[in-house]
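Colleague: Data file final_30.cif (mmCIF, C-alpha atoms) is appended below.
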```
data_coords
#
loop_
_atom_site.label_atom_id
_atom_site.label_comp_id
_atom_site.auth_asym_id
_atom_site.auth_seq_id
_atom_site.Cartn_x
_atom_site.Cartn_y
_atom_site.Cartn_z
CA MET N 1 0.00 0.00 0.00
CA THR N 2 1.32 3.45 -0.93
CA LEU N 3 0.26 7.04 -0.29
CA GLN N 4 -0.29 7.36 -4.02
CA GLN N 5 -2.81 4.52 -3.96
CA LEU N 6 -4.60 6.14 -1.02
CA LYS N 7 -4.73 9.40 -2.94
CA TYR N 8 -6.16 7.52 -5.92
CA VAL N 9 -9.02 5.90 -3.96
CA THR N 10 -9.98 9.08 -2.10
CA THR N 11 -10.02 11.06 -5.34
CA ILE N 12 -12.23 8.46 -7.05
CA ALA N 13 -14.59 8.43 -4.05
CA ASN N 14 -14.83 12.23 -4.05
CA ILE N 15 -15.49 12.48 -7.80
CA GLY N 16 -17.53 9.28 -8.23
CA SER N 17 -15.93 8.37 -11.54
CA ILE N 18 -12.70 6.54 -12.43
CA SER N 19 -12.40 8.26 -15.80
CA GLU N 20 -12.81 11.75 -14.31
CA ALA N 21 -10.43 10.90 -11.46
CA ALA N 22 -7.83 9.75 -14.00
CA LYS N 23 -8.00 13.16 -15.71
CA ARG N 24 -7.71 14.95 -12.38
CA LEU N 25 -4.74 12.80 -11.32
CA PHE N 26 -3.03 12.98 -14.73
CA VAL N 27 -2.81 9.20 -15.11
CA SER N 28 -4.32 6.87 -17.67
CA GLN N 29 -7.57 5.16 -16.79
CA PRO N 30 -6.12 1.63 -17.20
CA SER N 31 -3.22 2.52 -14.89
CA LEU N 32 -5.61 3.92 -12.29
CA THR N 33 -7.90 0.88 -12.49
CA LYS N 34 -4.92 -1.45 -12.12
CA ALA N 35 -3.61 0.44 -9.07
CA ILE N 36 -7.02 0.23 -7.34
CA LYS N 37 -7.37 -3.50 -8.06
CA GLU N 38 -3.87 -4.11 -6.67
CA LEU N 39 -4.75 -2.19 -3.50
CA GLU N 40 -8.03 -4.10 -3.07
CA LYS N 41 -6.19 -7.39 -3.51
CA GLU N 42 -3.48 -6.42 -1.03
CA MET N 43 -6.00 -5.28 1.61
CA GLY N 44 -8.36 -8.18 0.96
CA ILE N 45 -11.41 -5.93 0.54
CA THR N 46 -13.61 -4.47 -2.18
CA ILE N 47 -13.39 -0.69 -1.96
CA PHE N 48 -15.64 0.06 -4.93
CA ASP N 49 -18.70 -1.82 -6.16
CA ARG N 50 -18.67 -1.84 -9.96
CA THR N 51 -21.82 -1.95 -12.12
CA ASN N 52 -22.62 -1.09 -15.72
CA LYS N 53 -23.81 2.30 -14.42
CA GLY N 54 -20.48 3.13 -12.78
CA ILE N 55 -18.95 2.71 -9.34
CA THR N 56 -20.09 3.23 -5.76
CA VAL N 57 -18.18 2.97 -2.50
CA SER N 58 -18.83 -0.33 -0.72
CA LYS N 59 -19.64 -0.63 2.99
CA GLU N 60 -16.13 -1.82 3.83
CA GLY N 61 -14.76 0.76 1.41
CA GLU N 62 -16.35 3.58 3.44
CA ARG N 63 -14.45 2.47 6.52
CA PHE N 64 -11.19 2.05 4.59
CA LEU N 65 -11.56 5.52 3.04
CA GLY N 66 -12.01 7.04 6.49
CA TYR N 67 -8.61 5.68 7.53
CA ALA N 68 -7.09 6.60 4.17
CA ARG N 69 -8.11 10.25 4.57
CA GLN N 70 -6.56 10.31 8.03
CA VAL N 71 -3.28 8.83 6.74
CA LEU N 72 -3.12 11.42 3.96
CA GLU N 73 -3.79 14.22 6.43
CA GLN N 74 -1.01 12.99 8.71
CA ALA N 75 1.36 12.70 5.72
CA ALA N 76 0.58 16.31 4.81
CA LEU N 77 1.33 17.36 8.38
CA LEU N 78 4.69 15.56 8.24
CA GLU N 79 5.57 17.30 4.99
CA GLU N 80 4.61 20.66 6.43
CA GLN N 81 6.76 20.03 9.51
CA TYR N 82 9.89 18.73 7.83
CA LYS N 83 9.94 20.05 4.28
CA SER N 84 10.78 23.61 3.34
CA GLN N 85 7.74 23.77 1.07
CA SER N 86 4.18 24.16 2.35
CA GLY N 87 3.23 20.50 2.02
CA GLY N 88 0.37 21.10 -0.40
CA LYS N 89 -3.22 22.06 0.23
CA LYS N 90 -4.61 21.65 3.73
CA GLN N 91 -7.79 19.58 3.83
CA PHE N 92 -10.47 19.87 6.48
CA SER N 93 -14.19 19.14 6.68
CA VAL N 94 -17.01 19.97 9.10
CA SER N 95 -20.59 18.66 9.06
CA THR N 96 -23.14 20.68 10.99
CA GLN N 97 -26.76 21.42 11.67
CA HIS N 98 -27.80 24.83 10.42
CA TYR N 99 -25.99 27.10 12.90
CA SER N 100 -24.75 30.56 12.00
CA PHE N 101 -22.06 30.37 14.70
CA ALA N 102 -20.59 27.31 12.91
CA VAL N 103 -20.23 29.41 9.74
CA ASN N 104 -18.82 32.35 11.66
CA ALA N 105 -16.17 30.14 13.31
CA PHE N 106 -15.29 28.67 9.90
CA VAL N 107 -14.68 32.17 8.56
CA GLU N 108 -12.45 33.00 11.53
CA LEU N 109 -10.56 29.73 11.05
CA LEU N 110 -9.66 30.49 7.45
CA LYS N 111 -8.85 34.14 8.13
CA GLY N 112 -6.39 33.21 10.85
CA ALA N 113 -5.02 29.89 9.61
CA GLU N 114 -1.95 31.39 7.87
CA ILE N 115 -1.91 28.83 5.07
CA ASP N 116 -1.49 29.58 1.39
CA GLN N 117 -3.59 26.71 0.03
CA TYR N 118 -6.55 24.80 1.39
CA ASP N 119 -9.35 22.52 0.24
CA VAL N 120 -12.01 22.61 2.96
CA SER N 121 -15.66 21.72 3.29
CA LEU N 122 -18.49 23.05 5.49
CA ARG N 123 -21.57 20.82 5.13
CA GLU N 124 -24.86 22.03 6.57
CA THR N 125 -26.70 18.74 6.49
CA GLN N 126 -29.08 16.37 8.26
CA THR N 127 -28.52 15.06 11.78
CA TYR N 128 -28.02 11.40 10.89
CA GLU N 129 -25.58 12.33 8.10
CA ILE N 130 -23.53 14.44 10.53
CA ILE N 131 -23.01 11.40 12.75
CA ASP N 132 -22.32 9.20 9.72
CA ASP N 133 -19.82 11.68 8.25
CA VAL N 134 -17.77 11.80 11.45
CA ALA N 135 -18.06 8.03 12.00
CA HIS N 136 -16.64 7.38 8.51
CA MET N 137 -14.09 10.21 8.82
CA LYS N 138 -15.56 12.20 5.94
CA SER N 139 -15.67 15.09 8.40
CA GLU N 140 -13.37 15.65 11.34
CA ILE N 141 -15.97 17.53 13.38
CA GLY N 142 -19.77 17.41 13.53
CA LEU N 143 -22.03 19.99 15.21
CA LEU N 144 -25.45 19.08 16.63
CA TYR N 145 -27.62 19.34 19.72
CA TYR N 146 -29.42 17.02 22.12
CA ASN N 147 -32.19 17.51 24.68
CA ASP N 148 -33.93 15.19 27.14
CA PHE N 149 -36.13 13.80 24.36
CA ASN N 150 -33.58 12.83 21.71
CA ARG N 151 -30.62 12.24 24.02
CA PRO N 152 -31.02 8.43 24.46
CA VAL N 153 -31.15 7.84 20.69
CA LEU N 154 -28.26 10.17 19.82
CA GLU N 155 -26.09 8.93 22.68
CA LYS N 156 -26.58 5.34 21.52
CA LEU N 157 -25.54 6.24 17.95
CA ILE N 158 -22.57 8.26 19.18
CA HIS N 159 -21.40 5.44 21.45
CA THR N 160 -21.94 2.73 18.81
CA ASN N 161 -19.83 4.67 16.29
CA GLU N 162 -17.05 5.32 18.82
CA LEU N 163 -17.56 9.08 18.85
CA THR N 164 -17.35 11.66 21.62
CA PHE N 165 -19.75 14.57 22.20
CA THR N 166 -18.28 17.73 23.74
CA GLU N 167 -20.74 20.38 24.88
CA LEU N 168 -20.14 23.98 23.83
CA PHE N 169 -23.13 25.62 25.52
CA THR N 170 -26.69 25.15 26.74
CA ALA N 171 -29.48 27.33 25.37
CA HIS N 172 -33.11 27.99 26.25
CA PRO N 173 -35.53 27.72 23.30
CA HIS N 174 -36.20 30.77 21.15
CA ILE N 175 -37.92 31.40 17.84
CA PHE N 176 -36.51 33.04 14.74
CA ILE N 177 -39.00 35.36 13.03
CA GLY N 178 -38.87 38.34 10.69
CA LYS N 179 -38.50 41.73 12.36
CA THR N 180 -41.89 42.77 10.89
CA HIS N 181 -43.68 39.66 12.20
CA PRO N 182 -46.88 40.46 14.20
CA LEU N 183 -45.23 38.97 17.33
CA ALA N 184 -41.86 40.67 16.88
CA HIS N 185 -42.65 43.29 19.55
CA LYS N 186 -43.18 40.71 22.30
CA GLU N 187 -40.54 39.94 24.91
CA VAL N 188 -41.66 36.29 25.19
CA VAL N 189 -43.86 34.21 22.88
CA SER N 190 -45.89 31.09 23.73
CA MET N 191 -46.72 28.09 21.53
CA ASP N 192 -50.40 29.04 21.64
CA GLU N 193 -49.63 32.46 20.16
CA LEU N 194 -47.71 30.83 17.31
CA GLU N 195 -50.45 28.39 16.28
CA GLU N 196 -51.83 30.49 13.42
CA TYR N 197 -48.40 31.01 11.82
CA PRO N 198 -46.50 28.56 9.56
CA TYR N 199 -43.89 26.49 11.37
CA ILE N 200 -40.73 25.86 9.32
CA SER N 201 -38.24 23.09 10.07
CA PHE N 202 -35.30 21.38 8.40
CA GLU N 203 -36.20 18.16 6.58
CA GLN N 204 -34.26 15.07 7.64
CA GLY N 205 -34.53 12.87 4.53
CA ASP N 206 -34.68 9.11 5.03
CA HIS N 207 -34.17 9.61 8.76
CA ASN N 208 -37.06 12.03 9.24
CA SER N 209 -37.65 10.92 12.83
CA PHE N 210 -38.57 13.25 15.67
CA TYR N 211 -35.31 12.15 17.30
CA PHE N 212 -33.21 13.63 14.46
CA SER N 213 -35.02 16.96 14.24
CA GLU N 214 -32.87 20.09 14.54
CA GLU N 215 -35.68 21.86 16.37
CA ILE N 216 -36.68 21.32 19.99
CA PHE N 217 -40.37 20.45 20.61
CA SER N 218 -40.41 18.48 17.35
CA THR N 219 -43.31 16.30 18.55
CA VAL N 220 -45.72 19.24 18.83
CA VAL N 221 -48.37 19.02 16.11
CA ARG N 222 -48.70 22.26 14.12
CA PRO N 223 -51.59 23.07 11.78
CA LYS N 224 -49.17 24.63 9.26
CA HIS N 225 -45.79 22.93 8.79
CA ILE N 226 -43.21 23.52 6.04
CA ARG N 227 -40.01 21.48 5.71
CA VAL N 228 -36.95 22.81 3.87
CA ARG N 229 -33.39 21.64 3.15
CA ASP N 230 -31.39 24.87 3.40
CA ARG N 231 -31.15 27.96 5.56
CA ALA N 232 -31.78 30.45 2.73
CA SER N 233 -35.15 28.86 1.95
CA LEU N 234 -36.08 28.82 5.63
CA PHE N 235 -35.33 32.51 6.08
CA SER N 236 -37.18 33.45 2.88
CA LEU N 237 -40.26 31.63 4.15
CA LEU N 238 -39.96 33.21 7.59
CA LEU N 239 -40.07 36.63 5.98
CA GLY N 240 -42.55 35.93 3.19
CA LEU N 241 -45.16 34.01 5.20
CA ASP N 242 -44.69 35.39 8.74
CA GLY N 243 -43.42 31.94 9.64
CA TYR N 244 -41.24 30.87 12.54
CA THR N 245 -38.75 28.21 13.51
CA VAL N 246 -37.61 27.07 16.95
CA SER N 247 -33.92 27.63 17.67
CA SER N 248 -31.20 28.22 20.24
CA GLY N 249 -31.51 32.00 19.95
CA VAL N 250 -27.89 32.35 18.82
CA ILE N 251 -28.01 34.41 15.65
CA ASP N 252 -25.32 36.29 13.74
CA LYS N 253 -26.47 39.32 11.76
CA GLU N 254 -23.41 39.13 9.51
CA VAL N 255 -24.47 35.63 8.41
CA ASN N 256 -28.27 35.84 8.67
CA GLY N 257 -28.87 39.52 7.90
CA GLU N 258 -30.75 42.26 9.78
CA ASN N 259 -34.29 41.07 9.01
CA ILE N 260 -34.30 37.96 11.22
CA ILE N 261 -34.66 38.36 14.99
CA SER N 262 -34.68 36.00 17.97
CA VAL N 263 -37.46 35.98 20.59
CA PRO N 264 -37.53 33.77 23.73
CA LEU N 265 -40.09 30.97 23.81
CA ALA N 266 -42.22 30.63 26.96
CA GLU N 267 -42.07 26.82 27.00
CA GLU N 268 -39.39 25.22 29.16
CA GLY N 269 -36.61 23.14 27.64
CA LEU N 270 -32.85 23.04 27.17
CA MET N 271 -30.71 22.56 24.07
CA HIS N 272 -27.23 21.13 24.70
CA ILE N 273 -25.22 22.19 21.65
CA GLY N 274 -21.77 20.80 20.96
CA TYR N 275 -19.50 18.89 18.62
CA ILE N 276 -18.71 15.24 17.97
CA THR N 277 -15.33 13.78 17.07
CA ASN N 278 -14.12 10.31 16.14
CA ASN N 279 -12.20 8.53 18.91
CA LYS N 280 -10.02 6.79 16.28
CA MET N 281 -9.03 10.01 14.51
CA GLN N 282 -6.24 12.28 15.69
CA ARG N 283 -7.28 15.91 15.62
CA SER N 284 -5.56 17.97 12.91
CA ARG N 285 -4.19 21.47 13.38
CA LEU N 286 -7.14 22.95 11.48
CA GLY N 287 -9.49 20.88 13.63
CA GLN N 288 -7.94 22.24 16.81
CA GLU N 289 -8.09 25.80 15.50
CA TYR N 290 -11.72 25.42 14.41
CA ILE N 291 -12.77 24.20 17.86
CA HIS N 292 -10.90 27.15 19.38
CA ALA N 293 -12.78 29.50 17.01
CA LEU N 294 -16.09 27.92 18.07
CA GLU N 295 -15.27 28.35 21.76
CA GLN N 296 -14.16 31.95 21.22
CA TYR N 297 -17.34 32.84 19.36
CA VAL N 298 -19.56 31.21 21.97
CA SER N 299 -17.76 32.78 24.93
CA ASN N 300 -17.97 36.23 23.31
CA TYR N 301 -21.64 35.87 22.48
CA GLY N 302 -22.94 35.46 26.03
CA ARG N 303 -26.62 36.28 25.50
CA HIS N 304 -29.17 33.40 25.69
CA ILE N 305 -26.54 30.78 26.47
CA GLN N 306 -24.90 29.05 29.41
CA LEU N 307 -21.37 27.71 29.11
CA PRO N 308 -20.35 24.37 30.62
CA LYS N 309 -18.70 24.79 34.03
CA ASP N 310 -15.22 23.95 32.72
CA LYS N 311 -15.46 26.70 30.07
CA LYS N 312 -16.62 29.56 32.30
#
```
Take the structure in the file and give it back as structure tokens.

Modeller:
Amino acid sequence: MTLQQLKYVTTIANIGSISEAAKRLFVSQPSLTKAIKELEKEMGITIFDRTNKGITVSKEGERFLGYARQVLEQAALLEEQYKSQSGGKKQFSVSTQHYSFAVNAFVELLKGAEIDQYDVSLRETQTYEIIDDVAHMKSEIGLLYYNDFNRPVLEKLIHTNELTFTELFTAHPHIFIGKTHPLAHKEVVSMDELEEYPYISFEQGDHNSFYFSEEIFSTVVRPKHIRVRDRASLFSLLLGLDGYTVSSGVIDKEVNGENIISVPLAEEGLMHIGYITNNKMQRSRLGQEYIHALEQYVSNYGRHIQLPKDKK
């Protein structure tokens, strides 16, 4: 097994095509195919399932690719440490629920990283996929929340996949609404007052269970419910339909604009928001710096949130 072979398989997995990967890697397609077959034979696994429609990553291939990405990251770190040149592009990936503070910290990371080249990814995605991404080392860090309702299910998944959850802060429930919403003047809003307005939540795909919802009080039945996939659509619907969504109350005007405001919700509940990491994966320099950026943003924010005792 060589680093070149690991680079080959990760490139193919990222692109989803051997022919396109061959062009990207500047090798012939037969040579690339031969190298992958030799690696599969040596490791005794099938990394890619091949059909007449193309290739897909196999179950055992997903696990192998997770380790391969870690090896390549460590090799890049070695080159950076001991070679006079930069060591190539720095790679880093985060999967997160739809939090503006996660975006803000990502911006701060890249502004202060002092690296000339990078190839990074910030995935705002569904809860189950966040856990799966970190479990298979597609992402180094995943951001999500738990409460008393979904905690048993999420903790079981986190434990089963050998992950660790680290709490960043605890928040009381709020709603996001447009600043011209009929309830925008109120200091506190109740569920009863919201009943006539459309409720907007993030859709969870094949795992659309109450336990994977991004929003607290997901089991409450609303007469008007709209599900979306991205934050831009959610905010457009909040403004256009006088809708609302339930949130942590942490909002960044630079990311979300001036037209969305946060109002406390009368109902009791706590959101424990934090990040998950893979116990088998050594944290990279960018990973360490991103977590530091998250902690800095949260500690500077203050309003609506309570820090864990060891971070106060």

Colleague: Select, from N:Gln4, N:Thr170, N:Ser121, N:Thr180, the residue with the minimum atom-to-atom distance to Val94 in chain N, counting only C-alpha atoms.

Modeller: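 Result for the nearest residue to Val94 in chain N: N:Ser121.
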
Colleague: Just want the 12 Å neighbourhood of range 206-212 of chain N, counted on all atoms listed in the file, with same-chain residues fewer than 3 positions away dropped. Output as a PyMOL selection string.

Modeller: chain N and resi 97+125-132+144-157+201-203+215-221+227+229

Colleague: Could you write out as a PyMOL selection string the residues that the PyMOL selection byres ((chain N and resi 2) around 12) matches in the shown file?

Modeller: chain N and resi 1+3-9+35-36+38-39+42-43+68+71-72+75

Colleague: Kindly give the distance, in Å, that separates CA of Ile55 in chain N and CA of Pro30 in chain N, rounded to a single decimal.

Modeller: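 Separating CA of Ile55 in chain N from CA of Pro30 in chain N is a distance of 15.1 Å.
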
Colleague: If you count all atoms listed in the file, which residues fall within 12 Å of Ile273 in chain N, apart from same-chain ones fewer than 4 positions away, as number ranges by chain?

Modeller: N: 96-99, 101-102, 142-147, 151, 165-173, 214-216, 247-250, 294-295, 298, 305-308

Colleague: List as a ChimeraX atom specification the protein and nucleic acid residues near Ser262 in chain N, meaning an atom at most 10 Å away when all atoms listed in the file are counted, but skip any in the same chain fewer than 6 places from it.

Modeller: /N:173-179,184,187,244-251,304

Colleague: What's the separation between CA of Glu258 in chain N and CA of Pro198 in chain N, in Å to one decimal place?

Modeller: 20.9 Å

Colleague: Report, in Å to a single decimal, how far apart CA of Ile47 in chain N and CA of Glu60 in chain N are.

Modeller: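 Distance between the two atoms: 6.5 Å.
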
Colleague: Rank nothing, just name the residue among N:Lys186, N:His225, N:Arg69, N:His136 nearest to Ser284 in chain N, using only C-alpha atoms.

Modeller: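 So, comparing all the options, the nearest one is N:Arg69.
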
Colleague: Neighbouring residues of Met191 in chain N were defined as those with any atom within 9 Å, considering all atoms listed in the file; residues of the same chain fewer than 5 positions away were excluded. Please report them as a list in words.

Modeller: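 The residues that qualify are Leu265, Ala266 and Glu267 of chain N.
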